[in-house]
$ cat final33.txt   # compact mmCIF, C-alpha atoms
# COMPACT_ATOMS: atom_id res chain seq x y z
CA SER A 1 19.20 -7.90 -21.76
CA GLN A 2 17.29 -7.48 -18.52
CA PHE A 3 18.72 -10.69 -17.13
CA PRO A 4 22.26 -11.94 -16.56
CA SER A 5 23.69 -14.82 -18.57
CA ALA A 6 22.80 -18.27 -17.29
CA GLY A 7 22.42 -21.91 -18.28
CA SER A 8 19.91 -22.98 -20.92
CA ASN A 9 17.24 -23.91 -18.35
CA GLN A 10 17.57 -20.58 -16.60
CA ARG A 11 17.50 -18.64 -19.89
CA LYS A 12 14.34 -20.52 -20.84
CA GLU A 13 12.70 -19.57 -17.53
CA GLN A 14 13.79 -15.95 -18.01
CA ARG A 15 12.26 -15.80 -21.50
CA ARG A 16 9.03 -17.18 -20.05
CA TRP A 17 9.14 -14.50 -17.35
CA GLN A 18 9.57 -11.76 -19.97
CA ARG A 19 6.61 -13.12 -21.92
CA LEU A 20 4.53 -13.22 -18.76
CA LEU A 21 5.45 -9.63 -17.96
CA HIS A 22 3.78 -8.54 -21.20
CA ASP A 23 1.04 -11.18 -21.14
CA SER A 24 -2.43 -9.86 -21.88
CA ILE A 25 -4.11 -12.59 -19.82
CA ASP A 26 -6.06 -10.91 -17.04
CA VAL A 27 -4.90 -12.24 -13.70
CA THR A 28 -6.54 -9.53 -11.62
CA ASN A 29 -9.87 -9.70 -9.85
CA ASP A 30 -11.32 -6.77 -11.83
CA GLU A 31 -14.31 -8.75 -13.07
CA GLU A 32 -14.97 -10.65 -9.91
CA PRO A 33 -18.02 -9.76 -7.82
CA HIS A 34 -17.55 -7.72 -4.69
CA THR A 35 -19.00 -8.06 -1.23
CA GLY A 36 -19.67 -5.16 1.05
CA SER A 37 -19.99 -1.52 0.10
CA ARG A 38 -17.29 0.22 -1.89
CA SER A 39 -18.16 3.49 -0.19
CA ASP A 40 -17.22 2.31 3.26
CA SER A 41 -14.46 -0.18 2.48
CA ASN A 42 -12.58 0.76 -0.69
CA PHE A 43 -11.32 -2.83 -0.74
CA ILE A 44 -11.85 -5.18 -3.66
CA MET A 45 -13.41 -8.31 -2.20
CA PRO A 46 -13.06 -11.25 -4.63
CA GLN A 47 -15.40 -14.22 -4.39
CA PHE A 48 -13.03 -16.58 -6.19
CA MET A 49 -9.63 -16.88 -7.81
CA SER A 50 -9.60 -15.96 -11.50
CA PRO A 51 -10.20 -19.13 -13.56
CA ASN A 52 -7.29 -18.02 -15.76
CA LEU A 53 -4.92 -19.00 -12.97
CA TYR A 54 -6.03 -22.63 -13.23
CA ALA A 55 -5.98 -22.78 -17.04
CA HIS A 56 -2.25 -23.38 -17.46
CA GLN A 57 -1.78 -27.01 -16.50
CA HIS A 58 1.74 -27.30 -17.89
CA GLU A 59 3.18 -24.22 -16.25
CA THR A 60 6.33 -24.47 -14.19
CA VAL A 61 6.33 -23.48 -10.54
CA TYR A 62 8.08 -20.29 -11.61
CA GLU A 63 5.46 -19.33 -14.19
CA THR A 64 2.66 -19.90 -11.70
CA SER A 65 4.58 -17.87 -9.11
CA ALA A 66 4.98 -15.04 -11.60
CA ARG A 67 1.25 -14.95 -12.29
CA LEU A 68 0.43 -14.96 -8.59
CA LEU A 69 2.86 -12.11 -7.92
CA PHE A 70 1.43 -10.14 -10.86
CA MET A 71 -2.02 -10.73 -9.41
CA ALA A 72 -0.92 -9.44 -6.01
CA VAL A 73 0.55 -6.26 -7.48
CA LYS A 74 -2.46 -5.62 -9.72
CA TRP A 75 -4.84 -6.30 -6.83
CA ALA A 76 -3.10 -3.60 -4.79
CA LYS A 77 -2.98 -1.21 -7.74
CA ASN A 78 -6.74 -1.58 -8.28
CA LEU A 79 -7.62 -0.67 -4.69
CA PRO A 80 -9.05 2.88 -4.80
CA SER A 81 -7.72 3.57 -1.31
CA PHE A 82 -4.22 2.45 -2.36
CA ALA A 83 -4.31 4.48 -5.57
CA ARG A 84 -5.08 7.65 -3.61
CA LEU A 85 -1.84 7.38 -1.65
CA SER A 86 1.28 9.11 -2.91
CA PHE A 87 3.21 7.09 -5.47
CA ARG A 88 6.17 6.92 -3.08
CA ASP A 89 3.99 5.41 -0.35
CA GLN A 90 2.52 2.91 -2.82
CA VAL A 91 5.99 1.74 -3.84
CA ILE A 92 7.25 1.53 -0.25
CA LEU A 93 4.22 -0.49 0.87
CA LEU A 94 4.56 -2.92 -2.03
CA GLU A 95 8.27 -3.40 -1.44
CA GLU A 96 7.57 -4.11 2.23
CA SER A 97 4.67 -6.53 1.75
CA TRP A 98 5.17 -8.25 -1.62
CA SER A 99 6.30 -11.60 -0.21
CA GLU A 100 3.34 -11.83 2.18
CA LEU A 101 0.88 -10.85 -0.55
CA PHE A 102 2.44 -13.46 -2.81
CA LEU A 103 2.18 -16.16 -0.15
CA LEU A 104 -1.46 -15.31 0.60
CA ASN A 105 -2.23 -15.55 -3.12
CA ALA A 106 -0.30 -18.82 -3.38
CA ILE A 107 -2.12 -20.30 -0.39
CA GLN A 108 -5.49 -19.15 -1.71
CA TRP A 109 -4.69 -20.58 -5.13
CA CYS A 110 -3.59 -23.96 -3.74
CA ILE A 111 -6.44 -24.52 -1.26
CA PRO A 112 -8.94 -25.86 -3.88
CA LEU A 113 -6.31 -28.21 -5.30
CA ASP A 114 -5.44 -31.72 -4.20
CA PRO A 115 -2.59 -31.23 -1.69
CA THR A 116 -0.41 -33.66 -3.65
CA GLY A 117 -0.97 -31.61 -6.79
CA CYS A 118 0.12 -28.25 -5.41
CA ALA A 119 3.71 -27.96 -6.62
CA LEU A 120 4.20 -24.52 -5.08
CA PHE A 121 4.63 -26.06 -1.62
CA SER A 122 6.10 -29.41 -2.67
CA VAL A 123 9.53 -30.22 -1.23
CA ALA A 124 10.10 -32.86 -3.92
CA GLU A 125 9.22 -30.44 -6.72
CA HIS A 126 11.55 -27.69 -5.52
CA CYS A 127 14.44 -30.06 -4.77
CA ASN A 128 14.05 -31.62 -8.21
CA ASN A 129 14.12 -28.16 -9.80
CA LEU A 130 17.27 -27.35 -7.84
CA GLU A 131 18.99 -30.51 -9.12
CA ASN A 132 17.96 -29.72 -12.69
CA ASN A 133 19.43 -26.25 -12.29
CA ALA A 134 22.79 -27.40 -10.97
CA ASN A 135 24.60 -24.81 -13.08
CA GLY A 136 22.32 -21.99 -11.96
CA ASP A 137 23.38 -19.06 -9.82
CA THR A 138 22.21 -20.15 -6.38
CA CYS A 139 23.89 -20.57 -3.00
CA THR A 140 21.02 -22.58 -1.54
CA THR A 141 21.73 -26.16 -0.57
CA LYS A 142 19.19 -28.92 -1.07
CA GLU A 143 18.84 -29.31 2.71
CA GLU A 144 18.20 -25.58 3.24
CA LEU A 145 15.68 -25.48 0.41
CA ALA A 146 13.85 -28.55 1.72
CA ALA A 147 13.63 -27.07 5.22
CA ASP A 148 12.25 -23.76 3.93
CA VAL A 149 9.68 -25.35 1.62
CA ARG A 150 8.64 -27.74 4.40
CA THR A 151 7.97 -24.71 6.61
CA LEU A 152 5.96 -23.08 3.83
CA HIS A 153 3.94 -26.27 3.38
CA GLU A 154 3.16 -26.31 7.10
CA ILE A 155 1.98 -22.69 6.89
CA PHE A 156 -0.21 -23.58 3.91
CA CYS A 157 -1.73 -26.49 5.84
CA LYS A 158 -2.60 -24.21 8.77
CA TYR A 159 -4.45 -21.78 6.51
CA LYS A 160 -6.20 -24.65 4.75
CA ALA A 161 -7.27 -26.17 8.07
CA VAL A 162 -9.00 -22.91 9.01
CA LEU A 163 -10.75 -22.80 5.61
CA VAL A 164 -10.01 -19.11 5.08
CA ASP A 165 -12.61 -17.77 2.66
CA PRO A 166 -12.01 -15.29 -0.21
CA ALA A 167 -13.34 -12.26 1.71
CA GLU A 168 -11.03 -13.08 4.61
CA PHE A 169 -8.09 -13.43 2.25
CA ALA A 170 -8.86 -9.97 0.83
CA CYS A 171 -8.94 -8.45 4.32
CA LEU A 172 -5.72 -10.21 5.32
CA LYS A 173 -4.00 -8.90 2.19
CA ALA A 174 -5.15 -5.38 3.02
CA ILE A 175 -3.86 -5.73 6.59
CA VAL A 176 -0.38 -6.76 5.43
CA LEU A 177 -0.34 -4.15 2.64
CA PHE A 178 -1.35 -1.17 4.77
CA ARG A 179 1.42 -1.37 7.36
CA PRO A 180 1.76 2.09 9.01
CA GLU A 181 4.98 1.24 10.87
CA THR A 182 6.87 0.92 7.57
CA ARG A 183 9.77 3.36 7.44
CA GLY A 184 9.79 6.28 5.03
CA LEU A 185 6.04 6.68 4.59
CA LYS A 186 4.70 10.14 3.78
CA ASP A 187 1.26 9.57 5.31
CA PRO A 188 1.43 6.81 7.95
CA ALA A 189 -1.71 8.11 9.68
CA GLN A 190 -3.84 7.52 6.57
CA ILE A 191 -2.29 4.10 6.09
CA GLU A 192 -3.04 3.22 9.71
CA ASN A 193 -6.65 4.25 9.11
CA LEU A 194 -6.83 1.95 6.08
CA GLN A 195 -5.39 -0.94 8.07
CA ASP A 196 -7.96 -0.25 10.80
CA GLN A 197 -10.71 -0.43 8.16
CA ALA A 198 -9.40 -3.82 7.06
CA HIS A 199 -9.41 -5.03 10.67
CA VAL A 200 -13.01 -3.85 11.14
CA MET A 201 -14.13 -5.49 7.90
CA LEU A 202 -12.50 -8.78 8.86
CA SER A 203 -14.05 -8.65 12.32
CA GLN A 204 -17.52 -7.92 10.95
CA HIS A 205 -17.22 -10.66 8.34
CA THR A 206 -16.16 -13.34 10.82
CA LYS A 207 -18.93 -12.36 13.24
CA THR A 208 -21.66 -12.52 10.60
CA GLN A 209 -20.43 -15.48 8.55
CA PHE A 210 -18.93 -17.66 11.30
CA THR A 211 -21.21 -17.03 14.26
CA ALA A 212 -20.19 -20.23 16.04
CA GLN A 213 -16.45 -19.45 15.79
CA ILE A 214 -16.14 -16.58 18.28
CA ALA A 215 -12.32 -16.75 18.25
CA ARG A 216 -11.97 -16.83 14.45
CA PHE A 217 -11.05 -13.14 14.05
CA GLY A 218 -8.21 -13.37 16.54
CA ARG A 219 -7.05 -16.68 15.13
CA LEU A 220 -6.78 -15.22 11.63
CA LEU A 221 -4.76 -12.25 12.89
CA LEU A 222 -2.42 -14.57 14.78
CA MET A 223 -1.79 -16.49 11.56
CA LEU A 224 -0.37 -13.45 9.76
CA PRO A 225 3.08 -13.60 11.45
CA LEU A 226 3.48 -17.09 9.97
CA LEU A 227 3.94 -15.42 6.58
CA ARG A 228 7.19 -13.87 7.84
CA MET A 229 8.72 -17.10 9.11
CA ILE A 230 10.51 -17.33 5.76
CA SER A 231 12.18 -14.04 4.84
CA SER A 232 11.31 -12.17 1.64
CA HIS A 233 14.89 -12.80 0.48
CA LYS A 234 14.32 -16.55 0.73
CA ILE A 235 10.91 -16.31 -0.95
CA GLU A 236 12.62 -14.49 -3.80
CA SER A 237 15.29 -17.19 -3.99
CA ILE A 238 12.83 -20.10 -3.92
CA TYR A 239 10.24 -18.80 -6.38
CA PHE A 240 11.82 -16.07 -8.50
CA GLN A 241 15.62 -16.20 -8.63
CA ARG A 242 15.69 -18.54 -11.60
CA THR A 243 13.59 -16.13 -13.63
CA ILE A 244 14.83 -12.71 -12.51
CA GLY A 245 18.46 -13.61 -11.87
CA ASN A 246 20.25 -10.70 -10.23
CA THR A 247 17.56 -8.17 -11.13
CA PRO A 248 16.50 -6.44 -7.88
CA MET A 249 12.99 -7.39 -6.78
CA GLU A 250 12.28 -3.66 -6.38
CA LYS A 251 12.77 -3.21 -10.14
CA VAL A 252 10.62 -6.25 -10.91
CA LEU A 253 7.80 -4.89 -8.74
CA CYS A 254 8.10 -1.47 -10.36
CA ASP A 255 7.92 -3.02 -13.85
CA MET A 256 4.85 -5.01 -12.84
CA TYR A 257 3.20 -1.96 -11.33
CA LYS A 258 3.74 0.11 -14.46
CA ASN A 259 2.76 -2.68 -16.87
$ encode --input "final33.txt" --output "structure tokens"
Amino acid sequence: SQFPSAGSNQRKEQRRWQRLLHDSIDVTNDEEPHTGSRSDSNFIMPQFMSPNLYAHQHETVYETSARLLFMAVKWAKNLPSFARLSFRDQVILLEESWSELFLLNAIQWCIPLDPTGCALFSVAEHCNNLENNANGDTCTTKEELAADVRTLHEIFCKYKAVLVDPAEFACLKAIVLFRPETRGLKDPAQIENLQDQAHVMLSQHTKTQFTAQIARFGRLLLMLPLLRMISSHKIESIYFQRTIGNTPMEKVLCDMYKN
């Protein structure tokens, strides 16, 4: 089995994860319209979140998280500029940025919802799940979990207050994905160029679409470090540990990328 032994609730979540891994439901933005020119951007610019992501009303937080992470990986994989990088660089960049891409997708997914109905950033929801998984393999206390989720909810509220639009989300994802300072890259210069393109696209978009908000571009960039306030290890623990157990996130990402 891919997953370690666990209690019945955890085994149930793990089976759901395995089904999701082979799910044929399209959670990418392949069919969504693009803005801007492919020739000068190479970035997929979605206008909206896939309706499929809102069609599963009885999903657990963990199932929704899995779909959003799959979407993040497939979004990156479908970028022509990303696909032209060496496979090693693709893997390194995904391993470095997965938690930020996931959070950006989660924030984007939750923004249209009633704040009280967005379980992904609900302290009560996560604490209740922790209590129901008392026999699970976790070292997180209820107080620690509540503090982390509260921080994530505050981050979500800041993005929602700015009303980040889909094109801006796409640019922000590209900026966090193409991180040239990441160690071990084969072609950091090309990756820096791609990040520069994302910066330029975001700047041009904010200037043309939000003419009265002259500081919007800088404000959006300053919001990116918020995504690292909670470490990737904690993001993994909060949203994925129940489903992947002790399976390394690197292997999970690789399986998603190949799927």
$ closest_residue --input "final33.txt" --among "A:Ser65, A:Gln190, A:Gln108, A:Gln195" --to "A:Phe178" --atoms "all atoms listed in the file"
A:Gln195
$ residues_around --input "final33.txt" --residues "stretch 204-206 of chain A" --least-positions-apart "2" --cutoff "8 Å" --atoms "all atoms listed in the file" --output "PyMOL selection string"
chain A and resi 167-168+200-202+208-211+213+216-217
$ atom_distance --input "final33.txt" --atom1 "atom CA of A:Ile230" --atom2 "atom CA of A:Arg150"
10.7 Å
$ closest_residue --input "final33.txt" --among "A:Ala212, A:Val123, A:Thr243, A:Glu144" --to "A:Thr60" --atoms "all atoms listed in the file"
A:Thr243
$ residues_around --input "final33.txt" --residues "A:Leu226" --least-positions-apart "4" --cutoff "12 Å" --atoms "only C-alpha atoms" --output "list in words"
Ser99, Glu100, Leu103, Leu104, Thr151, Leu152, His153, Glu154, Ile155, Phe156, Cys157, Lys158, Tyr159, Val176, Arg219, Leu220, Leu221, Leu222, Ile230 and Ser231 of chain A
$ residues_near_point --input "final33.txt" --point "(14.0, -24.8, -0.6)" --cutoff "12 Å" --atoms "all atoms listed in the file" --output "PDB file with C-alpha atoms, keeping the file's coordinate frame"
ATOM      1  CA  LEU A 120       4.200 -24.520  -5.080  1.00  0.00           C
ATOM      2  CA  PHE A 121       4.630 -26.060  -1.620  1.00  0.00           C
ATOM      3  CA  SER A 122       6.100 -29.410  -2.670  1.00  0.00           C
ATOM      4  CA  VAL A 123       9.530 -30.220  -1.230  1.00  0.00           C
ATOM      5  CA  ALA A 124      10.100 -32.860  -3.920  1.00  0.00           C
ATOM      6  CA  GLU A 125       9.220 -30.440  -6.720  1.00  0.00           C
ATOM      7  CA  HIS A 126      11.550 -27.690  -5.520  1.00  0.00           C
ATOM      8  CA  CYS A 127      14.440 -30.060  -4.770  1.00  0.00           C
ATOM      9  CA  ASN A 128      14.050 -31.620  -8.210  1.00  0.00           C
ATOM     10  CA  ASN A 129      14.120 -28.160  -9.800  1.00  0.00           C
ATOM     11  CA  LEU A 130      17.270 -27.350  -7.840  1.00  0.00           C
ATOM     12  CA  GLU A 131      18.990 -30.510  -9.120  1.00  0.00           C
ATOM     13  CA  THR A 138      22.210 -20.150  -6.380  1.00  0.00           C
ATOM     14  CA  CYS A 139      23.890 -20.570  -3.000  1.00  0.00           C
ATOM     15  CA  THR A 140      21.020 -22.580  -1.540  1.00  0.00           C
ATOM     16  CA  THR A 141      21.730 -26.160  -0.570  1.00  0.00           C
ATOM     17  CA  LYS A 142      19.190 -28.920  -1.070  1.00  0.00           C
ATOM     18  CA  GLU A 143      18.840 -29.310   2.710  1.00  0.00           C
ATOM     19  CA  GLU A 144      18.200 -25.580   3.240  1.00  0.00           C
ATOM     20  CA  LEU A 145      15.680 -25.480   0.410  1.00  0.00           C
ATOM     21  CA  ALA A 146      13.850 -28.550   1.720  1.00  0.00           C
ATOM     22  CA  ALA A 147      13.630 -27.070   5.220  1.00  0.00           C
ATOM     23  CA  ASP A 148      12.250 -23.760   3.930  1.00  0.00           C
ATOM     24  CA  VAL A 149       9.680 -25.350   1.620  1.00  0.00           C
ATOM     25  CA  ARG A 150       8.640 -27.740   4.400  1.00  0.00           C
ATOM     26  CA  THR A 151       7.970 -24.710   6.610  1.00  0.00           C
ATOM     27  CA  LEU A 152       5.960 -23.080   3.830  1.00  0.00           C
ATOM     28  CA  HIS A 153       3.940 -26.270   3.380  1.00  0.00           C
ATOM     29  CA  ILE A 230      10.510 -17.330   5.760  1.00  0.00           C
ATOM     30  CA  LYS A 234      14.320 -16.550   0.730  1.00  0.00           C
ATOM     31  CA  ILE A 235      10.910 -16.310  -0.950  1.00  0.00           C
ATOM     32  CA  GLU A 236      12.620 -14.490  -3.800  1.00  0.00           C
ATOM     33  CA  SER A 237      15.290 -17.190  -3.990  1.00  0.00           C
ATOM     34  CA  ILE A 238      12.830 -20.100  -3.920  1.00  0.00           C
ATOM     35  CA  TYR A 239      10.240 -18.800  -6.380  1.00  0.00           C
ATOM     36  CA  PHE A 240      11.820 -16.070  -8.500  1.00  0.00           C
ATOM     37  CA  GLN A 241      15.620 -16.200  -8.630  1.00  0.00           C
TER      38      GLN A 241
END
$ axis_aligned_box --input "final33.txt" --around "stretch 159-171 of chain A" --padding-each-side "4 Å" --output "JSON"
{"center_x": -8.9, "center_y": -17.3, "center_z": 4.4, "size_x": 16.9, "size_y": 25.7, "size_z": 17.2}
$ closest_residue --input "final33.txt" --among "A:Leu101, A:Leu194, A:Ile244, A:Leu185" --to "A:Leu227" --atoms "all atoms listed in the file"
A:Leu101
$ atom_distance --input "final33.txt" --atom1 "atom CA of A:Met249" --atom2 "atom CA of A:Ile111"
26.5 Å
$ decode --input "final33.txt" --residues "stretch 132-220 of chain A" --atoms "C-alpha atoms" --output "CSV table (one decimal), in the first residue's frame"
chain,number,residue,atom,x,y,z
A,132,ASN,CA,-12.3,13.3,15.2
A,133,ASN,CA,-8.9,12.0,14.2
A,134,ALA,CA,-7.7,11.6,17.8
A,135,ASN,CA,-6.0,8.3,16.9
A,136,GLY,CA,-4.3,9.7,13.8
A,137,ASP,CA,-0.6,10.2,13.4
A,138,THR,CA,-0.2,13.9,14.3
A,139,CYS,CA,2.0,15.8,16.8
A,140,THR,CA,-0.1,19.0,16.3
A,141,THR,CA,-2.0,20.3,19.3
A,142,LYS,CA,-5.4,21.9,19.0
A,143,GLU,CA,-3.9,25.2,20.1
A,144,GLU,CA,-1.1,25.1,17.5
A,145,LEU,CA,-3.5,24.1,14.8
A,146,ALA,CA,-6.0,26.9,15.7
A,147,ALA,CA,-3.2,29.5,15.7
A,148,ASP,CA,-1.9,28.4,12.2
A,149,VAL,CA,-5.4,28.3,10.7
A,150,ARG,CA,-6.2,31.6,12.2
A,151,THR,CA,-3.1,33.1,10.5
A,152,LEU,CA,-4.2,31.5,7.2
A,153,HIS,CA,-7.7,33.0,7.6
A,154,GLU,CA,-6.2,36.4,8.1
A,155,ILE,CA,-4.1,36.0,5.0
A,156,PHE,CA,-7.2,34.9,3.0
A,157,CYS,CA,-9.0,38.0,4.3
A,158,LYS,CA,-6.2,40.3,3.1
A,159,TYR,CA,-6.3,38.9,-0.4
A,160,LYS,CA,-10.1,39.1,-0.4
A,161,ALA,CA,-10.0,42.7,0.7
A,162,VAL,CA,-7.9,43.6,-2.3
A,163,LEU,CA,-10.2,41.7,-4.7
A,164,VAL,CA,-7.4,40.0,-6.5
A,165,ASP,CA,-8.8,39.1,-10.0
A,166,PRO,CA,-8.1,35.9,-11.9
A,167,ALA,CA,-5.4,37.4,-14.2
A,168,GLU,CA,-3.6,38.7,-11.1
A,169,PHE,CA,-3.8,35.3,-9.5
A,170,ALA,CA,-2.2,33.7,-12.6
A,171,CYS,CA,0.7,36.3,-12.5
A,172,LEU,CA,1.2,35.8,-8.8
A,173,LYS,CA,1.4,32.0,-9.3
A,174,ALA,CA,3.9,32.4,-12.0
A,175,ILE,CA,6.0,34.7,-9.8
A,176,VAL,CA,6.2,32.2,-7.0
A,177,LEU,CA,6.7,29.3,-9.4
A,178,PHE,CA,9.6,30.8,-11.3
A,179,ARG,CA,11.9,31.5,-8.4
A,180,PRO,CA,15.5,31.8,-9.8
A,181,GLU,CA,17.2,31.8,-6.4
A,182,THR,CA,16.1,28.2,-5.8
A,183,ARG,CA,19.1,26.0,-5.2
A,184,GLY,CA,20.1,23.3,-7.7
A,185,LEU,CA,18.6,24.9,-10.8
A,186,LYS,CA,20.2,24.1,-14.2
A,187,ASP,CA,19.0,27.3,-15.9
A,188,PRO,CA,18.4,30.0,-13.3
A,189,ALA,CA,18.9,32.8,-15.9
A,190,GLN,CA,16.0,31.5,-18.0
A,191,ILE,CA,13.8,31.1,-14.9
A,192,GLU,CA,14.7,34.7,-13.8
A,193,ASN,CA,13.6,35.9,-17.3
A,194,LEU,CA,10.2,34.1,-16.9
A,195,GLN,CA,9.7,35.6,-13.5
A,196,ASP,CA,10.5,39.0,-15.0
A,197,GLN,CA,7.8,38.4,-17.6
A,198,ALA,CA,5.3,37.6,-14.9
A,199,HIS,CA,6.2,40.8,-13.1
A,200,VAL,CA,5.8,42.8,-16.3
A,201,MET,CA,2.4,41.2,-17.1
A,202,LEU,CA,1.2,41.9,-13.6
A,203,SER,CA,2.3,45.5,-13.8
A,204,GLN,CA,0.7,46.1,-17.2
A,205,HIS,CA,-2.5,44.4,-16.1
A,206,THR,CA,-2.8,46.5,-12.9
A,207,LYS,CA,-2.1,49.7,-14.8
A,208,THR,CA,-4.7,49.1,-17.5
A,209,GLN,CA,-7.4,47.5,-15.4
A,210,PHE,CA,-7.0,49.5,-12.1
A,211,THR,CA,-6.0,52.9,-13.3
A,212,ALA,CA,-7.1,54.6,-10.1
A,213,GLN,CA,-5.0,52.2,-7.9
A,214,ILE,CA,-1.5,53.4,-8.7
A,215,ALA,CA,0.0,51.4,-5.8
A,216,ARG,CA,-1.8,48.1,-6.6
A,217,PHE,CA,1.1,46.4,-8.3
A,218,GLY,CA,3.4,47.0,-5.4
A,219,ARG,CA,0.7,46.0,-2.9
A,220,LEU,CA,0.2,42.7,-4.7
